[in-house]
Every structure is written in C-alpha cells, then in structure tokens.
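This report refers to the structure that appears directly beneath it.
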Amino acid sequence: MNPKKLLVGITGGIGSGKSSVAAAFAELGATIIDADSIAHEILAPGTPAYRRITRAFGGKILNPDMTISRRALAQIVFAGPAKRKLLERITHPVIISRILSMARKAGAAMVMVDAPLLYETRLDRRMDKVIAVWCPLKIRIKRLSRAGAPSGKEIRSRIKAQMPLREKIKRADMVINNAHSRSRMRKDVKRAWWDLTNNI
C-alpha cells in the first residue's frame, strides 16, 4: 500500500459487532470497505459468481424473483465443510480482488476492511494492521437472536465454521472489547484511532 495510506482489517466472530466498530471508525474519518456488502453484490443475477453458484447448488437456493436466497444457501453450506469450501472457492477470490481494488482507489489516509473471514481468507497478509472485535459468545448469540437471525443451532454451526475468536484475538494487533456500552466501545475506538494515526 501507499505509505501514506494505512490499510486496517477489522474482524471478529459472528455477532461480535464489527459493523458497529467500523461505523465508529467511519465517524472519525476512515473509509470502510464492507466485505459482506461486496458478497451481496457479487450474488446479483447475471454476475459470473451468480452463474457459478446456481450451477453448483441448483434452483433450490433461488427466490421466486430468481435472486439467490442467502438463507437457503447458508443452510446448505454450513451443514458440511465440502459445500462451504465449494462456495468459498467461487466467491472469495472475487471478494478479495474487489476489496483490494477499492482500497487502492480510496482517497482516505485510513482504509478499514470489515471482514469476518479476514484470517480464513488470508486477507490479513495484505493489511498493515488488524483489529479484532471481542464479545463473549452468550452476548453474541443474544444479539443475533434479537436481530432475527437464524436459529441457535444455525448460529452455532456458523460460529463453528469460523476460526475460533480466541485465535483471532491472539493474532490481532489490537483488540476492541464490544461487550459493554456503545459509549465505552467508542472510547476504545478513539484510543485505537489515535494509535493508528501515529503509524501513517
């Protein structure tokens, strides 16, 4: 990356509140690249990824309007590693390429990539720094349930498919505790921002 631009990965387990942390950094001036938003975009009808996924998984993953049902697709891929790896082989290279392209074009000095699978995809190797967002499992499941997420069983299967959060914490350069109030999280974000801006 340009030495005047810092590329920072934000990662954590499902339900840990990465998006809230990323939004707090955005308020301070960071450009945020959301890997999940890119994943939505590449599933749009007519894209190469859409065609490959529908060939691989069939019509049972389609909504009546021919869009891909992320819920139906998730039920298939999180039921076993073989299907999940097949989906990852289709989507991950496209998502990573899009992320790096957007990062190069970003004008801000601080560019942050909100990516739950940052380590799993080895995208961390392209980052200057990595922030892991920590939150205990009980709170994560509670938050996801409140948001109308899948059943507890489905949530746990998704958590199991990811790298353990403790491993992400161990490998990260910084950790933000998102188990408490929003105001406390924002204070932690401001401290991290101060540390990061001294590296630009």
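Labeling convention for the structure tokens: chains A, B, ... as they appear, residues from 1 per chain, ligands from 1 in order of appearance.
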Contacts of segment 194-198 of chain A within 12 Å, only C-alpha atoms, excl. fewer than 6 positions in-chain, as a list in words: Lys4, Lys5, Leu6, Leu7, Val8, Gly9, Phe25, Leu28, Gly29, Ala30, Ala108, Ala109, Met110, Val111, Met112, Asp128, Lys129, Val130, Ile131, Asp173, Met174, Lys187 and Asp188 of chain A
So that I have them on file, write out the residues from the current selection with N, CA and C atoms, as an mmCIF file, in the first residue's frame.
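Resulting contents of again_15.cif:
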data_model
loop_
_atom_site.group_PDB
_atom_site.id
_atom_site.type_symbol
_atom_site.label_atom_id
_atom_site.label_comp_id
_atom_site.auth_asym_id
_atom_site.auth_seq_id
_atom_site.Cartn_x
_atom_site.Cartn_y
_atom_site.Cartn_z
ATOM 1 N N LYS A 4 1.470 6.454 2.773
ATOM 2 C CA LYS A 4 0.635 7.470 3.405
ATOM 3 C C LYS A 4 -0.785 6.971 3.625
ATOM 4 N N LYS A 5 -1.040 5.735 3.282
ATOM 5 C CA LYS A 5 -2.359 5.137 3.469
ATOM 6 C C LYS A 5 -2.211 3.883 4.322
ATOM 7 N N LEU A 6 -2.996 3.801 5.380
ATOM 8 C CA LEU A 6 -2.933 2.646 6.265
ATOM 9 C C LEU A 6 -4.140 1.753 5.994
ATOM 10 N N LEU A 7 -3.885 0.487 5.727
ATOM 11 C CA LEU A 7 -4.948 -0.480 5.460
ATOM 12 C C LEU A 7 -5.102 -1.359 6.693
ATOM 13 N N VAL A 8 -6.283 -1.295 7.294
ATOM 14 C CA VAL A 8 -6.532 -1.961 8.567
ATOM 15 C C VAL A 8 -7.693 -2.941 8.422
ATOM 16 N N GLY A 9 -7.495 -4.166 8.850
ATOM 17 C CA GLY A 9 -8.562 -5.150 8.838
ATOM 18 C C GLY A 9 -9.311 -5.145 10.161
ATOM 19 N N PHE A 25 -15.367 4.029 13.588
ATOM 20 C CA PHE A 25 -14.151 4.474 12.899
ATOM 21 C C PHE A 25 -14.499 5.385 11.721
ATOM 22 N N LEU A 28 -14.849 8.921 12.545
ATOM 23 C CA LEU A 28 -13.572 9.596 12.785
ATOM 24 C C LEU A 28 -12.819 9.907 11.497
ATOM 25 N N GLY A 29 -13.337 9.410 10.362
ATOM 26 C CA GLY A 29 -12.729 9.743 9.076
ATOM 27 C C GLY A 29 -12.211 8.586 8.257
ATOM 28 N N ALA A 30 -12.367 7.360 8.735
ATOM 29 C CA ALA A 30 -11.877 6.199 7.976
ATOM 30 C C ALA A 30 -12.834 5.859 6.839
ATOM 31 N N ALA A 108 -8.939 8.254 1.359
ATOM 32 C CA ALA A 108 -8.657 8.497 2.775
ATOM 33 C C ALA A 108 -7.303 7.920 3.173
ATOM 34 N N ALA A 109 -6.719 8.508 4.198
ATOM 35 C CA ALA A 109 -5.438 8.007 4.708
ATOM 36 C C ALA A 109 -5.614 6.707 5.484
ATOM 37 N N MET A 110 -6.828 6.506 6.016
ATOM 38 C CA MET A 110 -7.118 5.295 6.776
ATOM 39 C C MET A 110 -8.230 4.515 6.079
ATOM 40 N N VAL A 111 -7.914 3.328 5.612
ATOM 41 C CA VAL A 111 -8.896 2.477 4.944
ATOM 42 C C VAL A 111 -9.051 1.216 5.777
ATOM 43 N N MET A 112 -10.286 0.914 6.152
ATOM 44 C CA MET A 112 -10.542 -0.238 7.009
ATOM 45 C C MET A 112 -11.424 -1.245 6.297
ATOM 46 N N ASP A 128 -2.014 -3.693 6.888
ATOM 47 C CA ASP A 128 -0.929 -3.126 7.682
ATOM 48 C C ASP A 128 -1.133 -3.427 9.164
ATOM 49 N N LYS A 129 -2.388 -3.418 9.590
ATOM 50 C CA LYS A 129 -2.740 -3.721 10.973
ATOM 51 C C LYS A 129 -4.060 -4.482 10.973
ATOM 52 N N VAL A 130 -4.293 -5.231 12.046
ATOM 53 C CA VAL A 130 -5.563 -5.947 12.206
ATOM 54 C C VAL A 130 -6.142 -5.654 13.584
ATOM 55 N N ILE A 131 -7.440 -5.347 13.603
ATOM 56 C CA ILE A 131 -8.181 -5.147 14.844
ATOM 57 C C ILE A 131 -9.174 -6.294 14.978
ATOM 58 N N ASP A 173 -3.378 -7.194 16.025
ATOM 59 C CA ASP A 173 -2.505 -6.146 16.576
ATOM 60 C C ASP A 173 -3.203 -5.375 17.689
ATOM 61 N N MET A 174 -4.530 -5.253 17.571
ATOM 62 C CA MET A 174 -5.327 -4.530 18.564
ATOM 63 C C MET A 174 -6.616 -5.299 18.816
ATOM 64 N N LYS A 187 -15.095 4.935 23.011
ATOM 65 C CA LYS A 187 -13.867 5.408 23.655
ATOM 66 C C LYS A 187 -12.683 4.533 23.260
ATOM 67 N N ASP A 188 -12.914 3.203 23.234
ATOM 68 C CA ASP A 188 -11.851 2.282 22.805
ATOM 69 C C ASP A 188 -11.465 2.531 21.352
#
Let's see if you can do this: from backbone DSSP, list all helix (DSSP H, G or I) residues in segment 33-175 of chain A, as a PyMOL selection string. chain A and resi 35-42+48-57+59-61+70-77+81-105+123-126+137-146+152-161+165-171
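Across A:Asn63, A:Ser20, A:Ser157, A:Thr11, the tightest approach to Val189 of chain A is made by A:Ser20 when counting only C-alpha atoms.
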All strand (DSSP E or B) residues (DSSP, backbone) inside chain A, as number ranges by chain: A: 6-12, 31-34, 62, 68, 110-114, 129-134, 174-177
Counting only C-alpha atoms, the residue of A:Arg104, A:Lys160, A:Arg122, A:Arg55 that sits nearest Leu86 of chain A: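 Of A:Arg104, A:Lys160, A:Arg122, A:Arg55, the one nearest Leu86 of chain A is A:Arg55, counting only C-alpha atoms.
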Interatomic distance, atom CA of Gly15 of chain A to atom CA of Arg143 of chain A (Å, one decimal):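 Separating atom CA of Gly15 of chain A from atom CA of Arg143 of chain A is a distance of 6.4 Å.
Closest to Lys170 of chain A among A:Arg156, A:Trp134, A:Ile141, A:Ala49 is A:Trp134, based on only C-alpha atoms.
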Surrounding residues of Ile176 of chain A excluding itself and chain neighbours under 6 positions, 12 Å, only C-alpha atoms, as an MDAnalysis selection string: chainID A and resid 10:12 16:18 20:22 24:25 130:135 168:169 182 184:193
I'd like the contact shell of segment 71-74 of chain A - 9 Å cut-off, only C-alpha atoms, skipping same-chain residues fewer than 4 positions apart - returned as a CSV table (one decimal) with N, CA and C atoms, in the first residue's frame.
chain,number,residue,atom,x,y,z
A,57,PHE,N,-25.2,-25.2,-7.0
A,57,PHE,CA,-26.2,-25.6,-5.9
A,57,PHE,C,-27.6,-25.7,-6.4
A,60,LYS,N,-32.8,-24.8,-6.0
A,60,LYS,CA,-33.4,-24.7,-4.6
A,60,LYS,C,-32.9,-23.5,-3.8
A,61,ILE,N,-31.8,-22.9,-4.2
A,61,ILE,CA,-31.3,-21.7,-3.5
A,61,ILE,C,-31.9,-20.4,-4.0
A,62,LEU,N,-32.8,-20.5,-5.0
A,62,LEU,CA,-33.4,-19.3,-5.6
A,62,LEU,C,-34.7,-18.8,-5.0
A,78,PHE,N,-23.4,-24.4,5.5
A,78,PHE,CA,-23.0,-24.6,6.9
A,78,PHE,C,-23.4,-26.0,7.4
A,79,ALA,N,-24.0,-26.8,6.6
A,79,ALA,CA,-24.3,-28.1,7.0
A,79,ALA,C,-23.1,-29.1,6.9
A,84,ARG,N,-19.3,-25.8,1.9
A,84,ARG,CA,-18.8,-24.5,2.2
A,84,ARG,C,-17.6,-24.1,1.5
A,150,PRO,N,-30.8,-16.5,12.2
A,150,PRO,CA,-31.2,-17.9,12.2
A,150,PRO,C,-31.3,-18.5,13.6
A,154,GLU,N,-28.3,-23.0,14.0
A,154,GLU,CA,-27.7,-22.4,12.8
A,154,GLU,C,-26.6,-21.5,13.2
A,158,ARG,N,-22.5,-21.8,12.2
A,158,ARG,CA,-21.7,-20.7,11.6
A,158,ARG,C,-20.5,-20.3,12.4
Contacts of Thr47 of chain A at 12 Å or less, counting only C-alpha atoms, minus same-chain residues fewer than 4 places along, as a VMD selection string? chain A and resid 39 to 43 51 to 54 67 to 68 90 to 91 94
May I have the residues from that selection written out with N, CA and C atoms, as a tab-separated table (two decimals), in the first residue's frame?
chain	number	residue	atom	x	y	z
A	39	ALA	N	-20.03	-9.21	-0.87
A	39	ALA	CA	-20.56	-10.56	-1.07
A	39	ALA	C	-21.99	-10.51	-1.58
A	40	HIS	N	-22.79	-9.56	-1.08
A	40	HIS	CA	-24.16	-9.38	-1.57
A	40	HIS	C	-24.14	-9.00	-3.05
A	41	GLU	N	-23.27	-8.06	-3.39
A	41	GLU	CA	-23.21	-7.53	-4.76
A	41	GLU	C	-22.85	-8.61	-5.77
A	42	ILE	N	-21.90	-9.46	-5.43
A	42	ILE	CA	-21.46	-10.45	-6.42
A	42	ILE	C	-22.45	-11.59	-6.59
A	43	LEU	N	-23.47	-11.65	-5.71
A	43	LEU	CA	-24.52	-12.67	-5.85
A	43	LEU	C	-25.68	-12.19	-6.72
A	51	ARG	N	-23.85	-17.08	-11.64
A	51	ARG	CA	-24.00	-18.20	-12.58
A	51	ARG	C	-23.30	-19.46	-12.05
A	52	ARG	N	-22.11	-19.29	-11.50
A	52	ARG	CA	-21.37	-20.44	-10.98
A	52	ARG	C	-22.06	-21.04	-9.76
A	53	ILE	N	-22.59	-20.19	-8.90
A	53	ILE	CA	-23.24	-20.67	-7.68
A	53	ILE	C	-24.53	-21.40	-8.01
A	54	THR	N	-25.32	-20.85	-8.92
A	54	THR	CA	-26.59	-21.51	-9.26
A	54	THR	C	-26.34	-22.82	-9.98
A	67	THR	N	-33.46	-14.22	-7.52
A	67	THR	CA	-32.29	-13.84	-6.72
A	67	THR	C	-31.90	-15.02	-5.83
A	68	ILE	N	-30.65	-15.02	-5.38
A	68	ILE	CA	-30.19	-16.10	-4.50
A	68	ILE	C	-30.68	-15.84	-3.08
A	90	ILE	N	-15.58	-20.20	-5.08
A	90	ILE	CA	-16.25	-19.36	-6.08
A	90	ILE	C	-16.20	-17.89	-5.68
A	91	THR	N	-16.51	-17.61	-4.41
A	91	THR	CA	-16.72	-16.21	-4.01
A	91	THR	C	-15.48	-15.50	-3.47
A	94	VAL	N	-13.13	-13.40	-5.82
A	94	VAL	CA	-13.80	-12.21	-6.36
A	94	VAL	C	-13.91	-11.13	-5.29
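With distances restricted to only C-alpha atoms, A:Pro164 is the closest residue to Pro116 of chain A from A:Gly58, A:Pro164, A:Pro64, A:Pro93.
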